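Q: There's a structure below that I have some questions on.
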Amino acid sequence: IASVLECRWIIVNFILSFRNVPLAICTSMVIVTVGYVLTNVAYFTTISPEDLLSSKAVAVTFAERLLGRFSLAVPIFVALSCFGSMNGGIFAVSRMFYVASREGHLPEILSMIHVRKHTPLPAVIVLLPLTMIMLFTSNLNSLLNFLSFARWLFIGLAVTGMIYLRYKRPDMPRPFKVPLFIPALFSFTCLFMVALSLYADPVSTGIGFAITLTGVPAYYLFIIWDKKPRWFSRLKDKTTLMLQIILEVVPAEETPRT
């Protein structure tokens, strides 16, 4: 339940204004918790523990016993749920790339939006090659392990940074505040899960950590390093201009209003 809530919480931060975030998080926690508890109660009252452990898909087994021929609806609902989750993930992650580029942490082209649709088209398209690279991994568990390791690590570090800023910059504007023990407990849980992943599967998590470290030289090469050769700057400018023409995108402040 915590993992599902945390994943949806990340998306909420990308699409809602700050004043709506506490209400959205509290409401979603109650709805998802009640739904998961009732679902598990239904499973355990219908399926024996032995059948539950031997079942490859508990929801399908549950539907076959209660719904009969209508059990075919369960895989359809699961597929729709996955489709909705992917839609939310694409919507959120593309905007994360868009904002990171706007702040100067990624190539400039990712901060541009389509001239008519007003969507961050380059930031959406860049997800395609990243996804294709991940699909080359034949072992799904390994993929989940090293991606989850990187995600929980950065979430824990980000929340720890917020605690640090609470003391170092107490006068910073904050749309809302929570008791300090909540982010402290959350960051501790995240880092504990990271340590547990390292202990349980050091190979997969080590690969994830190595992939994460590749961002350090890339960041210094493309962002921090100001004294780049002229040929490099010209190549970057020409590439950005060419992609602008092909994708029909411009910086957000230059987008014409319709």
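All residue names refer to the structure tokens as shown: chains lettered A, B, ... in order, residues numbered from 1 in each chain, ligands numbered from 1 in order.
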Select from region 48-170 of chain A everything DSSP, run on the backbone, classes as alpha helix (DSSP H), then give the selection as a PyMOL selection string.

A: chain A and resi 49-54+58-66+73-102+121-125+127-135+140-168

Q: Just the residues within 12 Å of Ser148 (chain A), please, counting only C-alpha atoms, with nothing from its chain fewer than 6 positions along; format it as a PyMOL selection string.

A: chain A and resi 3+7+140-142+154-156+190-191+193-198+201+204-209+212

Q: Please, could you write that set of residues out with N, CA, C and O atoms as a short mmCIF file (atom, residue, chain, number, x, y, z; two decimals), in the first residue's frame?

A:
```cif
data_model
loop_
_atom_site.label_atom_id
_atom_site.label_comp_id
_atom_site.auth_asym_id
_atom_site.auth_seq_id
_atom_site.Cartn_x
_atom_site.Cartn_y
_atom_site.Cartn_z
N SER A 3 3.87 1.64 -1.12
CA SER A 3 4.52 1.85 -2.41
C SER A 3 3.57 2.49 -3.42
O SER A 3 3.93 3.40 -4.16
N CYS A 7 3.94 6.22 -5.05
CA CYS A 7 4.02 6.44 -6.50
C CYS A 7 2.98 7.47 -6.94
O CYS A 7 3.27 8.36 -7.73
N LEU A 140 12.79 -9.36 -15.38
CA LEU A 140 11.96 -8.28 -14.88
C LEU A 140 12.28 -7.95 -13.43
O LEU A 140 12.27 -6.78 -13.03
N ASN A 141 12.58 -8.97 -12.62
CA ASN A 141 12.89 -8.72 -11.21
C ASN A 141 14.16 -7.88 -11.07
O ASN A 141 14.22 -6.99 -10.21
N SER A 142 15.16 -8.14 -11.89
CA SER A 142 16.39 -7.34 -11.83
C SER A 142 16.11 -5.89 -12.21
O SER A 142 16.62 -4.96 -11.59
N PHE A 154 16.81 8.38 -4.20
CA PHE A 154 16.67 9.81 -4.46
C PHE A 154 15.49 10.41 -3.71
O PHE A 154 15.53 11.57 -3.30
N ILE A 155 14.43 9.64 -3.53
CA ILE A 155 13.31 10.15 -2.74
C ILE A 155 13.74 10.37 -1.29
O ILE A 155 13.45 11.40 -0.67
N GLY A 156 14.48 9.39 -0.74
CA GLY A 156 14.97 9.54 0.63
C GLY A 156 15.91 10.72 0.77
O GLY A 156 15.84 11.49 1.74
N CYS A 190 12.79 5.08 3.58
CA CYS A 190 13.33 5.00 2.22
C CYS A 190 14.76 4.48 2.24
O CYS A 190 15.12 3.56 1.48
N LEU A 191 15.61 5.06 3.10
CA LEU A 191 17.00 4.65 3.14
C LEU A 191 17.15 3.23 3.69
O LEU A 191 18.06 2.49 3.29
N MET A 193 14.97 0.82 3.10
CA MET A 193 14.63 -0.03 1.97
C MET A 193 15.79 -0.11 0.97
O MET A 193 16.03 -1.16 0.36
N VAL A 194 16.52 0.99 0.81
CA VAL A 194 17.70 0.99 -0.06
C VAL A 194 18.75 0.04 0.49
O VAL A 194 19.33 -0.78 -0.25
N ALA A 195 19.01 0.13 1.79
CA ALA A 195 19.99 -0.76 2.41
C ALA A 195 19.54 -2.22 2.32
O ALA A 195 20.37 -3.12 2.09
N LEU A 196 18.25 -2.45 2.48
CA LEU A 196 17.72 -3.82 2.39
C LEU A 196 17.88 -4.36 0.97
O LEU A 196 18.19 -5.54 0.78
N SER A 197 17.68 -3.51 -0.02
CA SER A 197 17.86 -3.94 -1.41
C SER A 197 19.32 -4.30 -1.69
O SER A 197 19.61 -5.27 -2.39
N LEU A 198 20.24 -3.51 -1.15
CA LEU A 198 21.66 -3.81 -1.32
C LEU A 198 22.02 -5.15 -0.70
O LEU A 198 22.82 -5.91 -1.26
N ASP A 201 19.90 -8.12 -2.93
CA ASP A 201 20.31 -8.32 -4.33
C ASP A 201 21.39 -7.31 -4.67
O ASP A 201 21.14 -6.32 -5.35
N SER A 204 22.01 -6.52 -8.78
CA SER A 204 21.05 -5.66 -9.47
C SER A 204 21.09 -4.23 -8.94
O SER A 204 21.07 -3.26 -9.71
N THR A 205 21.13 -4.09 -7.62
CA THR A 205 21.18 -2.75 -7.05
C THR A 205 22.50 -2.06 -7.36
O THR A 205 22.55 -0.84 -7.52
N GLY A 206 23.59 -2.85 -7.46
CA GLY A 206 24.87 -2.27 -7.84
C GLY A 206 24.83 -1.73 -9.27
O GLY A 206 25.40 -0.68 -9.56
N ILE A 207 24.14 -2.46 -10.17
CA ILE A 207 23.98 -1.97 -11.54
C ILE A 207 23.18 -0.67 -11.54
O ILE A 207 23.51 0.29 -12.24
N GLY A 208 22.11 -0.64 -10.74
CA GLY A 208 21.31 0.58 -10.64
C GLY A 208 22.12 1.75 -10.11
O GLY A 208 21.99 2.88 -10.60
N PHE A 209 22.97 1.48 -9.13
CA PHE A 209 23.81 2.54 -8.57
C PHE A 209 24.84 3.02 -9.59
O PHE A 209 25.11 4.22 -9.70
N THR A 212 23.15 5.22 -12.06
CA THR A 212 22.92 6.53 -11.44
C THR A 212 24.19 7.38 -11.45
O THR A 212 24.13 8.59 -11.73
#
```
